[in-house]
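Next up, upload36.cif (mmCIF, C-alpha atoms):
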```
data_upload
#
loop_
_atom_site.label_atom_id
_atom_site.label_comp_id
_atom_site.auth_asym_id
_atom_site.auth_seq_id
_atom_site.Cartn_x
_atom_site.Cartn_y
_atom_site.Cartn_z
CA MET U 1 5.40 -3.75 -28.16
CA ASN U 2 8.58 -4.90 -26.42
CA GLY U 3 8.94 -1.46 -24.89
CA ILE U 4 10.68 -0.07 -21.84
CA HIS U 5 7.38 -0.23 -19.92
CA ASP U 6 7.44 -4.05 -19.98
CA LEU U 7 9.36 -4.20 -16.73
CA GLY U 8 8.46 -7.54 -15.15
CA GLY U 9 11.62 -9.41 -14.19
CA ARG U 10 14.15 -6.71 -15.02
CA HIS U 11 17.21 -6.25 -12.84
CA GLY U 12 19.23 -3.21 -11.84
CA LEU U 13 16.41 -0.74 -11.28
CA GLY U 14 17.29 -0.07 -7.67
CA PRO U 15 15.43 -0.08 -4.35
CA ILE U 16 11.72 0.53 -4.04
CA ASN U 17 12.08 3.44 -1.54
CA PRO U 18 8.49 3.77 -0.37
CA GLU U 19 7.70 7.24 1.01
CA ALA U 20 5.89 7.24 4.34
CA ASN U 21 2.59 9.13 4.48
CA GLU U 22 2.74 10.17 0.85
CA PRO U 23 0.32 12.90 -0.27
CA VAL U 24 -2.05 11.92 -3.08
CA PHE U 25 -0.54 14.69 -5.22
CA HIS U 26 2.96 15.96 -4.46
CA GLU U 27 2.39 19.23 -6.33
CA PRO U 28 -0.77 21.00 -7.51
CA TRP U 29 0.22 20.39 -11.15
CA GLU U 30 -0.01 16.62 -10.56
CA GLY U 31 -3.64 17.02 -9.53
CA ARG U 32 -4.36 19.09 -12.66
CA ALA U 33 -2.68 16.46 -14.83
CA PHE U 34 -4.78 13.79 -13.14
CA GLY U 35 -7.95 15.81 -13.77
CA LEU U 36 -7.08 16.20 -17.44
CA PHE U 37 -7.57 12.47 -18.02
CA ALA U 38 -11.32 12.29 -17.40
CA SER U 39 -11.78 15.80 -18.82
CA THR U 40 -10.19 14.94 -22.18
CA PHE U 41 -11.34 11.30 -22.31
CA VAL U 42 -14.99 12.34 -22.57
CA PHE U 43 -14.52 14.35 -25.78
CA ALA U 44 -11.28 13.40 -27.51
CA GLY U 45 -12.28 9.91 -28.61
CA TYR U 46 -9.23 7.98 -27.44
CA THR U 47 -9.49 4.64 -25.67
CA VAL U 48 -7.74 3.85 -22.37
CA ASP U 49 -5.63 1.30 -24.28
CA GLU U 50 -4.59 4.00 -26.72
CA PHE U 51 -3.66 6.26 -23.80
CA ARG U 52 -1.47 3.54 -22.33
CA HIS U 53 0.17 2.94 -25.70
CA ALA U 54 0.97 6.65 -26.04
CA ILE U 55 2.92 6.36 -22.77
CA GLU U 56 4.64 3.18 -24.01
CA ASN U 57 5.84 5.18 -27.02
CA MET U 58 7.74 7.71 -24.91
CA ALA U 59 11.50 7.89 -25.41
CA PRO U 60 12.77 5.10 -23.13
CA ALA U 61 15.13 7.32 -21.13
CA ASP U 62 12.29 9.79 -20.52
CA TYR U 63 9.99 6.96 -19.43
CA LEU U 64 12.41 5.92 -16.70
CA GLU U 65 13.48 9.42 -15.65
CA HIS U 66 10.23 11.40 -15.79
CA SER U 67 7.72 11.24 -12.97
CA TYR U 68 4.43 9.43 -13.35
CA TYR U 69 2.21 12.40 -14.21
CA GLU U 70 4.78 13.61 -16.71
CA HIS U 71 4.05 10.32 -18.50
CA TRP U 72 0.42 11.35 -18.63
CA MET U 73 1.38 14.77 -20.04
CA SER U 74 3.41 13.09 -22.81
CA ALA U 75 0.37 10.97 -23.65
CA PHE U 76 -2.10 13.89 -23.63
CA GLU U 77 0.16 15.95 -25.88
CA ALA U 78 0.64 13.05 -28.32
CA LEU U 79 -3.05 12.11 -28.42
CA LEU U 80 -4.43 15.63 -28.67
CA THR U 81 -1.94 16.85 -31.29
CA LYS U 82 -2.53 13.68 -33.33
CA ARG U 83 -6.21 14.55 -33.38
CA GLY U 84 -5.57 18.21 -34.18
CA ILE U 85 -7.31 19.31 -30.98
CA VAL U 86 -4.25 21.34 -30.09
CA THR U 87 -1.14 21.86 -32.21
CA ARG U 88 2.49 21.53 -31.20
CA GLU U 89 2.94 25.19 -32.14
CA GLU U 90 0.11 26.26 -29.83
CA LEU U 91 1.59 24.24 -26.96
CA ASP U 92 5.11 25.61 -27.50
CA ALA U 93 3.81 29.18 -27.74
CA LYS U 94 1.77 28.82 -24.57
CA VAL U 95 4.72 27.28 -22.70
CA ALA U 96 6.93 30.14 -23.88
CA GLN U 97 4.36 32.72 -22.77
CA LEU U 98 3.89 31.14 -19.33
CA SER U 99 7.65 30.79 -18.90
CA ARG U 100 8.14 34.51 -19.64
CA GLU U 101 5.40 35.44 -17.17
CA ALA U 102 7.02 33.27 -14.52
CA ASN U 103 10.31 35.20 -14.80
CA MET W 104 -19.18 16.31 -24.27
CA LEU W 105 -17.94 18.84 -21.74
CA LEU W 106 -17.18 17.30 -18.35
CA THR W 107 -18.55 19.74 -15.77
CA ALA W 108 -18.06 19.56 -12.00
CA ASP W 109 -21.61 18.34 -11.36
CA LEU W 110 -21.02 15.33 -13.64
CA VAL W 111 -17.83 14.23 -11.89
CA PRO W 112 -19.44 12.13 -9.13
CA VAL W 113 -21.54 10.09 -11.54
CA VAL W 114 -18.63 9.63 -13.97
CA LEU W 115 -16.47 8.34 -11.13
CA ALA W 116 -19.19 6.08 -9.71
CA THR W 117 -20.03 4.58 -13.11
CA GLY W 118 -16.57 4.19 -14.61
CA ALA W 119 -16.12 2.43 -17.93
CA SER W 120 -15.98 -1.34 -17.74
CA ALA W 121 -14.12 -3.14 -20.51
CA ARG W 122 -16.57 -6.07 -20.34
CA VAL W 123 -18.43 -6.73 -23.57
CA ALA W 124 -21.89 -8.30 -23.55
CA ALA W 125 -21.15 -10.62 -26.46
CA HIS W 126 -21.48 -14.39 -26.67
CA VAL W 127 -18.01 -15.55 -27.55
CA ALA W 128 -16.96 -19.18 -27.20
CA PRO W 129 -13.99 -19.62 -24.89
CA ARG W 130 -11.10 -21.65 -26.30
CA PHE W 131 -10.05 -22.74 -22.81
CA ARG W 132 -11.58 -24.22 -19.68
CA VAL W 133 -10.49 -24.12 -16.07
CA GLY W 134 -7.77 -26.71 -15.58
CA ASP W 135 -6.43 -26.54 -19.13
CA GLN W 136 -2.66 -26.66 -19.48
CA VAL W 137 -1.60 -23.82 -21.74
CA ILE W 138 1.47 -22.29 -23.31
CA VAL W 139 1.77 -18.56 -24.01
CA LYS W 140 2.27 -17.83 -27.69
CA ASN W 141 5.47 -16.27 -29.01
CA LEU W 142 3.73 -13.06 -30.06
CA GLN W 143 6.03 -10.10 -30.72
CA PRO W 144 3.76 -7.23 -31.80
CA THR W 145 5.27 -3.81 -32.28
CA THR W 146 1.86 -2.40 -31.41
CA HIS W 147 0.05 -2.36 -28.06
CA THR W 148 -0.34 -5.59 -26.12
CA ARG W 149 -1.00 -6.62 -22.55
CA LEU W 150 1.11 -9.76 -22.90
CA PRO W 151 4.13 -9.18 -20.66
CA GLY W 152 7.40 -10.49 -22.09
CA TYR W 153 8.20 -12.56 -19.03
CA ILE W 154 5.36 -15.06 -19.70
CA ARG W 155 5.96 -15.43 -23.44
CA GLY W 156 6.53 -19.11 -24.29
CA LYS W 157 5.86 -20.16 -20.70
CA LYS W 158 3.58 -22.95 -19.50
CA GLY W 159 0.68 -22.35 -17.17
CA ILE W 160 -2.68 -23.65 -16.01
CA VAL W 161 -6.02 -21.88 -16.49
CA GLU W 162 -7.51 -21.20 -13.06
CA LYS W 163 -10.44 -18.95 -13.86
CA ASP W 164 -12.41 -17.60 -16.81
CA TYR W 165 -13.28 -13.96 -16.10
CA GLY W 166 -15.62 -13.63 -19.05
CA VAL W 167 -15.59 -11.54 -22.21
CA PHE W 168 -13.71 -8.25 -22.49
CA ALA W 169 -12.56 -5.87 -25.22
CA PHE W 170 -9.14 -6.88 -26.53
CA PRO W 171 -6.58 -4.14 -25.78
CA ASP W 172 -4.28 -5.11 -28.66
CA THR W 173 -6.88 -4.05 -31.23
CA HIS W 174 -8.81 -1.52 -29.15
CA ALA W 175 -5.71 0.63 -28.66
CA HIS W 176 -5.49 1.12 -32.41
CA HIS W 177 -9.20 1.52 -33.17
CA LEU W 178 -9.22 -1.85 -34.91
CA GLY W 179 -12.29 -3.03 -33.06
CA GLU W 180 -13.07 -4.53 -29.67
CA LYS W 181 -12.49 -8.14 -30.81
CA PRO W 182 -14.22 -9.35 -27.62
CA GLN W 183 -12.76 -12.50 -26.09
CA HIS W 184 -12.38 -14.35 -22.85
CA CYS W 185 -9.80 -13.23 -20.32
CA TYR W 186 -8.42 -15.87 -17.94
CA SER W 187 -6.47 -16.00 -14.73
CA VAL W 188 -3.52 -18.24 -15.53
CA ARG W 189 -1.25 -19.74 -12.89
CA PHE W 190 2.49 -19.88 -13.49
CA THR W 191 4.94 -21.35 -11.00
CA ALA W 192 7.82 -19.11 -9.94
CA ARG W 193 10.27 -21.72 -11.25
CA GLU W 194 8.63 -21.87 -14.67
CA LEU W 195 9.15 -18.12 -15.05
CA TRP W 196 12.35 -17.42 -13.17
CA GLY W 197 14.37 -20.63 -13.26
CA GLU W 198 15.53 -23.23 -10.80
CA GLN W 199 16.83 -20.66 -8.31
CA ALA W 200 13.29 -19.41 -7.71
CA SER W 201 11.06 -20.61 -4.90
CA ASP W 202 9.50 -24.01 -5.52
CA ARG W 203 6.42 -22.91 -3.63
CA ASP W 204 5.60 -19.43 -4.91
CA SER W 205 3.42 -18.75 -7.95
CA LEU W 206 2.00 -15.99 -10.10
CA ARG W 207 -1.39 -15.25 -11.61
CA VAL W 208 -1.46 -13.25 -14.82
CA ASP W 209 -4.60 -12.16 -16.67
CA VAL W 210 -4.18 -13.64 -20.14
CA PHE W 211 -6.40 -13.04 -23.13
CA ASP W 212 -7.67 -15.96 -25.24
CA ASP W 213 -5.57 -14.85 -28.25
CA TYR W 214 -2.37 -14.98 -26.20
CA MET W 215 -2.23 -18.73 -25.56
CA ASP W 216 -2.57 -22.24 -26.96
CA LEU W 217 -3.33 -25.61 -25.42
CA ARG W 218 -0.30 -27.74 -24.80
CA MET J 219 7.09 4.55 -33.55
CA GLN J 220 6.17 8.07 -32.54
CA ASN J 221 7.99 10.09 -29.90
CA ALA J 222 10.91 7.67 -30.01
CA HIS J 223 13.59 10.32 -29.81
CA LYS J 224 13.88 13.19 -27.38
CA THR J 225 14.40 16.45 -29.27
CA LEU J 226 13.97 19.43 -26.98
CA PRO J 227 14.23 19.47 -23.19
CA GLU J 228 10.83 19.22 -21.52
CA PRO J 229 9.60 22.38 -19.81
CA ASP J 230 8.89 22.64 -16.12
CA PRO J 231 6.00 20.22 -15.53
CA ALA J 232 3.85 22.84 -13.80
CA ILE J 233 4.12 25.10 -16.85
CA ARG J 234 3.54 22.16 -19.18
CA VAL J 235 0.30 21.30 -17.40
CA ARG J 236 -0.86 24.94 -17.19
CA ALA J 237 -0.16 25.34 -20.88
CA LEU J 238 -2.34 22.43 -21.90
CA GLU J 239 -5.07 23.18 -19.38
CA SER J 240 -5.30 26.85 -20.41
CA LEU J 241 -5.38 26.01 -24.13
CA LEU J 242 -8.18 23.51 -23.61
CA VAL J 243 -10.13 25.99 -21.48
CA GLU J 244 -9.68 28.71 -24.13
CA LYS J 245 -11.06 26.30 -26.71
CA GLY J 246 -14.06 25.54 -24.49
CA LEU J 247 -13.19 21.86 -24.33
CA ILE J 248 -12.66 21.42 -20.58
CA ASP J 249 -14.09 22.97 -17.42
CA PRO J 250 -11.45 23.77 -14.79
CA LYS J 251 -14.05 23.27 -12.07
CA ALA J 252 -14.31 19.64 -13.16
CA LEU J 253 -10.57 19.29 -12.59
CA ASP J 254 -11.07 20.85 -9.15
CA ALA J 255 -13.78 18.27 -8.41
CA LEU J 256 -11.64 15.37 -9.59
CA VAL J 257 -8.70 16.47 -7.46
CA ASP J 258 -10.98 16.93 -4.45
CA SER J 259 -12.54 13.50 -4.92
CA TYR J 260 -9.24 11.66 -4.72
CA GLU J 261 -7.59 13.92 -2.15
CA HIS J 262 -10.47 13.81 0.30
CA LYS J 263 -13.18 11.34 -0.57
CA ILE J 264 -11.89 8.19 -2.28
CA GLY J 265 -9.06 6.40 -0.52
CA PRO J 266 -7.95 3.29 1.38
CA ARG J 267 -10.44 3.90 4.21
CA ASN J 268 -12.97 2.55 1.73
CA GLY J 269 -11.12 -0.73 1.38
CA ALA J 270 -10.64 -0.87 5.16
CA LYS J 271 -14.42 -0.85 5.61
CA VAL J 272 -14.77 -3.75 3.17
CA VAL J 273 -12.07 -5.74 4.96
CA ALA J 274 -13.47 -5.08 8.45
CA ARG J 275 -16.91 -6.20 7.30
CA ALA J 276 -15.45 -9.38 5.81
CA TRP J 277 -13.65 -10.08 9.08
CA THR J 278 -16.84 -9.82 11.13
CA ASP J 279 -19.54 -11.11 8.77
CA PRO J 280 -18.88 -14.54 7.23
CA ALA J 281 -21.79 -14.22 4.79
CA TYR J 282 -20.39 -10.91 3.52
CA LYS J 283 -16.95 -12.45 3.17
CA GLN J 284 -18.47 -15.21 1.04
CA ARG J 285 -20.18 -12.66 -1.21
CA LEU J 286 -16.94 -10.70 -1.43
CA LEU J 287 -14.95 -13.70 -2.58
CA GLU J 288 -17.63 -14.79 -5.07
CA ASP J 289 -18.55 -11.42 -6.62
CA ALA J 290 -16.28 -8.72 -5.31
CA THR J 291 -17.69 -5.96 -7.53
CA ALA J 292 -21.22 -6.43 -6.17
CA ALA J 293 -20.13 -6.88 -2.55
CA ILE J 294 -17.95 -3.76 -2.63
CA LYS J 295 -20.81 -1.84 -4.25
CA GLU J 296 -22.94 -2.64 -1.16
CA PHE J 297 -20.86 0.10 0.50
CA GLY J 298 -21.42 2.48 -2.40
CA PHE J 299 -17.86 2.02 -3.66
CA SER J 300 -17.85 1.45 -7.40
CA GLY J 301 -16.84 2.76 -10.76
CA LEU J 302 -13.66 4.10 -12.29
CA GLN J 303 -10.82 1.56 -12.16
CA GLY J 304 -12.88 -0.79 -10.01
CA GLU J 305 -15.57 -1.88 -12.46
CA ASP J 306 -14.44 -5.51 -12.33
CA MET J 307 -13.05 -6.38 -8.91
CA VAL J 308 -11.45 -9.56 -7.57
CA VAL J 309 -10.68 -10.02 -3.87
CA VAL J 310 -7.93 -12.48 -2.97
CA GLU J 311 -7.74 -13.82 0.56
CA ASN J 312 -4.60 -14.21 2.65
CA THR J 313 -4.46 -17.39 4.74
CA PRO J 314 -1.68 -19.03 6.75
CA GLU J 315 -0.90 -20.99 3.57
CA VAL J 316 -1.07 -18.19 0.98
CA HIS J 317 0.10 -14.55 0.99
CA ASN J 318 -1.09 -12.47 -1.95
CA LEU J 319 0.76 -9.54 -3.55
CA THR J 320 -0.60 -7.31 -6.33
CA VAL J 321 1.31 -5.40 -8.99
CA CYS J 322 0.88 -3.92 -12.45
CA THR J 323 4.16 -4.61 -14.24
CA LEU J 324 3.03 -2.88 -17.45
CA CYS J 325 1.73 0.39 -16.03
CA SER J 326 -0.06 1.26 -12.75
CA CYS J 327 -3.45 -0.47 -12.65
CA TYR J 328 -4.89 -0.23 -9.14
CA PRO J 329 -8.39 -0.52 -7.57
CA TRP J 330 -9.23 3.18 -7.19
CA PRO J 331 -12.71 2.92 -5.56
CA THR J 332 -11.30 0.88 -2.65
CA LEU J 333 -7.76 2.21 -2.35
CA GLY J 334 -7.77 5.64 -4.02
CA LEU J 335 -4.82 6.52 -6.25
CA PRO J 336 -1.67 4.41 -6.08
CA PRO J 337 1.49 5.59 -4.30
CA VAL J 338 4.55 6.56 -6.33
CA TRP J 339 6.49 3.41 -5.44
CA TYR J 340 3.73 1.15 -6.82
CA LYS J 341 3.89 2.91 -10.21
CA ALA J 342 7.67 3.10 -10.43
CA ALA J 343 10.10 0.75 -12.15
CA PRO J 344 11.74 -1.01 -9.15
CA TYR J 345 8.49 -2.42 -7.71
CA ARG J 346 7.02 -3.28 -11.08
CA ALA J 347 10.17 -5.14 -12.09
CA ARG J 348 10.78 -7.08 -8.88
CA ALA J 349 7.32 -7.85 -7.45
CA VAL J 350 6.92 -10.66 -9.98
CA SER J 351 10.43 -12.08 -9.94
CA ASP J 352 11.54 -11.47 -6.34
CA PRO J 353 8.39 -11.01 -4.23
CA ARG J 354 10.08 -12.14 -1.01
CA GLY J 355 12.87 -9.62 -1.56
CA VAL J 356 10.24 -6.93 -2.14
CA LEU J 357 8.38 -7.92 1.03
CA ALA J 358 11.64 -7.88 2.99
CA GLU J 359 12.20 -4.30 1.81
CA PHE J 360 8.81 -3.50 3.35
CA GLY J 361 9.83 -5.27 6.54
CA LEU J 362 7.63 -8.30 5.99
CA GLU J 363 9.10 -11.77 6.21
CA LEU J 364 6.98 -14.82 5.62
CA PRO J 365 7.61 -18.45 6.57
CA GLU J 366 9.00 -20.71 3.86
CA THR J 367 5.84 -22.80 4.22
CA THR J 368 3.66 -19.87 3.05
CA GLU J 369 3.11 -19.62 -0.71
CA VAL J 370 3.62 -16.10 -2.03
CA ARG J 371 1.14 -15.58 -4.85
CA VAL J 372 1.72 -12.54 -7.08
CA TRP J 373 -1.14 -11.12 -9.18
CA ASP J 374 -0.07 -9.08 -12.23
CA THR J 375 -2.90 -6.77 -13.29
CA THR J 376 -2.42 -7.13 -17.02
CA ALA J 377 -6.11 -6.78 -17.97
CA GLU J 378 -9.07 -4.79 -16.57
CA LEU J 379 -9.69 -6.88 -13.46
CA ARG J 380 -8.60 -4.97 -10.34
CA TYR J 381 -7.34 -6.84 -7.30
CA LEU J 382 -7.74 -6.19 -3.58
CA VAL J 383 -6.01 -8.32 -0.97
CA LEU J 384 -8.12 -9.41 2.00
CA PRO J 385 -5.50 -9.61 4.76
CA GLU J 386 -5.81 -12.03 7.67
CA ARG J 387 -7.54 -10.69 10.75
CA PRO J 388 -4.84 -10.02 13.37
CA ALA J 389 -4.73 -12.13 16.52
CA GLY J 390 -6.14 -10.66 19.73
CA THR J 391 -8.92 -8.67 18.02
CA GLU J 392 -11.87 -10.79 19.16
CA GLY J 393 -13.55 -8.04 21.20
CA LEU J 394 -13.11 -5.21 18.72
CA SER J 395 -15.94 -3.47 16.90
CA GLU J 396 -16.03 -3.19 13.13
CA ALA J 397 -14.99 0.48 13.39
CA GLU J 398 -12.04 -0.46 15.60
CA LEU J 399 -11.05 -3.20 13.16
CA GLU J 400 -11.14 -0.72 10.27
CA GLU J 401 -8.41 1.27 12.06
CA LEU J 402 -6.08 -1.74 11.85
CA VAL J 403 -6.40 -2.19 8.08
CA THR J 404 -3.56 -0.46 6.25
CA ARG J 405 -3.39 0.38 2.56
CA ASP J 406 -0.22 -1.67 2.28
CA SER J 407 -1.98 -4.75 3.69
CA MET J 408 -4.57 -4.49 0.89
CA ILE J 409 -1.83 -4.35 -1.75
CA GLY J 410 0.00 -7.19 -0.05
CA VAL J 411 3.26 -5.49 0.93
CA GLY J 412 2.30 -5.35 4.59
CA GLN J 413 0.12 -6.85 7.27
CA PRO J 414 -2.64 -5.09 9.21
CA LYS J 415 -1.70 -3.41 12.48
CA SER J 416 -1.93 -5.31 15.72
CA PRO J 417 -4.44 -4.05 18.31
#
```
Just dump the structure as structure tokens.
Amino acid sequence: MNGIHDLGGRHGLGPINPEANEPVFHEPWEGRAFGLFASTFVFAGYTVDEFRHAIENMAPADYLEHSYYEHWMSAFEALLTKRGIVTREELDAKVAQLSREAN
Amino acid sequence: MLLTADLVPVVLATGASARVAAHVAPRFRVGDQVIVKNLQPTTHTRLPGYIRGKKGIVEKDYGVFAFPDTHAHHLGEKPQHCYSVRFTARELWGEQASDRDSLRVDVFDDYMDLR
Amino acid sequence: MQNAHKTLPEPDPAIRVRALESLLVEKGLIDPKALDALVDSYEHKIGPRNGAKVVARAWTDPAYKQRLLEDATAAIKEFGFSGLQGEDMVVVENTPEVHNLTVCTLCSCYPWPTLGLPPVWYKAAPYRARAVSDPRGVLAEFGLELPETTEVRVWDTTAELRYLVLPERPAGTEGLSEAELEELVTRDSMIGVGQPKSP
């Protein structure tokens, strides 16, 4: 698809801004998101290509604004709800519960 | 399958190669002059827009791999050759680009034609 | 096209991840200790020091370098580095005539067994957009300027091959041991946005 991810040659995206001595994961949640890939890949039945395509299907503004592992979360949620492994309602309810507990 | 901690090292060390052990005839040979097809799928592809319609030269045949365009949609592996194709910077980016620099893009058999 | 339009604001990412992880654990589908092990592997065990060993060996052992350039996957596996996102490796050699630069314009493909997980800048839009169309400008941003007589060769990882740059051995390193040479090899020199350190 001619999606927002097809970035080669685009202008106007700004400086590269490499961070010196970057940690592998900037926050613990990034590490958990990373771990979810192998952990779900082995049972959910999606292909790596399908995973990439789920990211390509993100809303374009979200794709550019969200951080890398948030892309992965969008893909996991799309792939796992599509397969009925979790439902959107379950995810929303759990997020609401965890948000209440955090406050 | 439940991925448990004890299985993690072997999963990481083994990985999951996309190579397919199938005998598929390549349509191209090293040295062939090629042109990238004007494919515009709305589905998954690994053909980046910036090489579409551009002319290149086949530099290497990497062998047979699953085809992402179909594999992403569970339409089969459609195994085919994947090639390293050389494009000059000027071919891709115009006359203002370096006349010395070049690119190599990994291009699937289905993405190109002989010119 | 699914997910094309944003509807609700996304929750805090930490909560979003905890929500999915806890649901999957409740359903017995994932083991949180496996996530611990995966995080530990890439935080502490798999990283660019692996690639540095490969490079230092290639600098000191011409027969190894030949094997590396002919069948990178097998040569890298001699060190025990193999597997996920490095199943099909290609090593590209820098020379005075050619400087190689690797990128994945379409996503973030990167040779994990030799370099670990990619840095944020490699996966973000600015690098992915400009590495192919303005490699010299990108290199200048990293403080690397190359002579006009050097060809800059950019490799876009559009398929499942994974690329590692073999940088040139720095001058003045003749007496150094392989372990000392490893210390000079930077991650950025194996991506192509930098050169190894000088002794």
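Once segment 11-25 of chain U and its same-chain neighbours fewer than 5 positions away are set aside, Glu30 and Gly31 of chain U; Glu261, Trp339, Pro344 and Tyr345 of chain J remain within 6 Å of it when counting only C-alpha atoms.
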Resulting file, chosen residues, C-alpha atoms, as an mmCIF file, in the coordinates of the input:
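So the final result, stored in again-v8.cif, reads:
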```
data_model
loop_
_atom_site.group_PDB
_atom_site.id
_atom_site.type_symbol
_atom_site.label_atom_id
_atom_site.label_comp_id
_atom_site.auth_asym_id
_atom_site.auth_seq_id
_atom_site.Cartn_x
_atom_site.Cartn_y
_atom_site.Cartn_z
ATOM 1 C CA GLU U 30 -0.010 16.620 -10.560
ATOM 2 C CA GLY U 31 -3.640 17.020 -9.530
ATOM 3 C CA GLU J 261 -7.590 13.920 -2.150
ATOM 4 C CA TRP J 339 6.490 3.410 -5.440
ATOM 5 C CA PRO J 344 11.740 -1.010 -9.150
ATOM 6 C CA TYR J 345 8.490 -2.420 -7.710
#
```
Original post:
Which residues come within 7 Å of Arg371 of chain J, counting all atoms listed in the file, excluding same-chain residues fewer than 3 positions away, as a PyMOL selection string?
Top reply: (chain W and resi 204-206) or (chain J and resi 316-319)
Subject >> Near-segment 55-71 of chain U list (10 Å; all atoms listed in the file; drop same-chain fewer than 4 positions) as number ranges by chain >> reply: U: 1-6, 13, 25, 29-34, 50-51, 75-76, 78; W: 146-147; J: 219-225, 228, 230-232, 234-235, 324-326, 338, 341-343
Original post:
In file coordinates, which residues lie within 10 Å of (-11.1, -12.1, -6.1) using all atoms listed in the file, given as a list in words?
Top reply: Leu286, Leu287, Glu288, Asp289, Ala290, Thr291, Asp306, Met307, Val308, Val309, Val310, Glu311, Leu379, Arg380, Tyr381, Leu382, Val383 and Leu384 of chain J
Can you write out the residues you just picked, keeping C-alpha atoms, as a PDB file, in the coordinates of the input?
```pdb
ATOM      1  CA  LEU J 286     -16.940 -10.700  -1.430  1.00  0.00           C
ATOM      2  CA  LEU J 287     -14.950 -13.700  -2.580  1.00  0.00           C
ATOM      3  CA  GLU J 288     -17.630 -14.790  -5.070  1.00  0.00           C
ATOM      4  CA  ASP J 289     -18.550 -11.420  -6.620  1.00  0.00           C
ATOM      5  CA  ALA J 290     -16.280  -8.720  -5.310  1.00  0.00           C
ATOM      6  CA  THR J 291     -17.690  -5.960  -7.530  1.00  0.00           C
ATOM      7  CA  ASP J 306     -14.440  -5.510 -12.330  1.00  0.00           C
ATOM      8  CA  MET J 307     -13.050  -6.380  -8.910  1.00  0.00           C
ATOM      9  CA  VAL J 308     -11.450  -9.560  -7.570  1.00  0.00           C
ATOM     10  CA  VAL J 309     -10.680 -10.020  -3.870  1.00  0.00           C
ATOM     11  CA  VAL J 310      -7.930 -12.480  -2.970  1.00  0.00           C
ATOM     12  CA  GLU J 311      -7.740 -13.820   0.560  1.00  0.00           C
ATOM     13  CA  LEU J 379      -9.690  -6.880 -13.460  1.00  0.00           C
ATOM     14  CA  ARG J 380      -8.600  -4.970 -10.340  1.00  0.00           C
ATOM     15  CA  TYR J 381      -7.340  -6.840  -7.300  1.00  0.00           C
ATOM     16  CA  LEU J 382      -7.740  -6.190  -3.580  1.00  0.00           C
ATOM     17  CA  VAL J 383      -6.010  -8.320  -0.970  1.00  0.00           C
ATOM     18  CA  LEU J 384      -8.120  -9.410   2.000  1.00  0.00           C
TER      19      LEU J 384
END
```
Show me a table, sorted first by chain and then by increasing residue number, of the residues of chain W having an atom at most 6 Å from chain U, each with its shortest atom pair and the distance in Å to one decimal, counting only C-alpha atoms and written as JSON lines.
```
{"residue": "W:Met104", "atom": "CA", "partner": "U:Phe43", "partner_atom": "CA", "distance": 5.3}
{"residue": "W:Leu106", "atom": "CA", "partner": "U:Ser39", "partner_atom": "CA", "distance": 5.6}
{"residue": "W:Pro144", "atom": "CA", "partner": "U:Met1", "partner_atom": "CA", "distance": 5.3}
{"residue": "W:Thr145", "atom": "CA", "partner": "U:Met1", "partner_atom": "CA", "distance": 4.1}
{"residue": "W:Thr146", "atom": "CA", "partner": "U:Met1", "partner_atom": "CA", "distance": 5.0}
{"residue": "W:His147", "atom": "CA", "partner": "U:Met1", "partner_atom": "CA", "distance": 5.5}
{"residue": "W:Pro171", "atom": "CA", "partner": "U:Asp49", "partner_atom": "CA", "distance": 5.7}
{"residue": "W:Ala175", "atom": "CA", "partner": "U:Glu50", "partner_atom": "CA", "distance": 4.0}
```
**OP:** Apply the PyMOL selection byres ((chain J) within 10 of (chain W)) to the structure shown and report the selected residues as an MDAnalysis selection string.
**Re:** chainID J and resid 219 246:256 259 264 295 298:306 308 316:320 322:325 330:331 350:354 366:379
Subject >> Two-atom distance - atom CA of Pro337 of chain J, atom CA of Ile294 of chain J (Å) >> reply: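 Atom CA of Ile294 of chain J lies at a distance of 21.6 Å from atom CA of Pro337 of chain J.
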Original post:
For the file shown, what are the residues hit by the PyMOL selection byres ((chain W and resi 126) around 9), laid out as JSON, numbers by chain?
Top reply: {"W": [123, 124, 125, 127, 128, 167, 182, 183]}
Go ahead and write the selection's residues with C-alpha atoms as a CSV table (one decimal), in the coordinates of the input.
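Result written to part-v4.csv:
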```csv
chain,number,residue,atom,x,y,z
W,123,VAL,CA,-18.4,-6.7,-23.6
W,124,ALA,CA,-21.9,-8.3,-23.6
W,125,ALA,CA,-21.2,-10.6,-26.5
W,127,VAL,CA,-18.0,-15.6,-27.6
W,128,ALA,CA,-17.0,-19.2,-27.2
W,167,VAL,CA,-15.6,-11.5,-22.2
W,182,PRO,CA,-14.2,-9.4,-27.6
W,183,GLN,CA,-12.8,-12.5,-26.1
```
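What separates atom CA of Asp92 of chain U from atom CA of Leu241 of chain J is a distance of 11.0 Å.
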**OP:** Run the PyMOL selection byres ((chain U and resi 85) around 10) against the file shown and list the residues it catches, as a ChimeraX atom specification.
**Re:** /U:44,77,79-84,86-87 /J:241-242,245,247
Original post:
What gap, in Å, lies between atom CA of Gln136 of chain W and atom CA of Lys163 of chain W?
Top reply: 12.3 Å
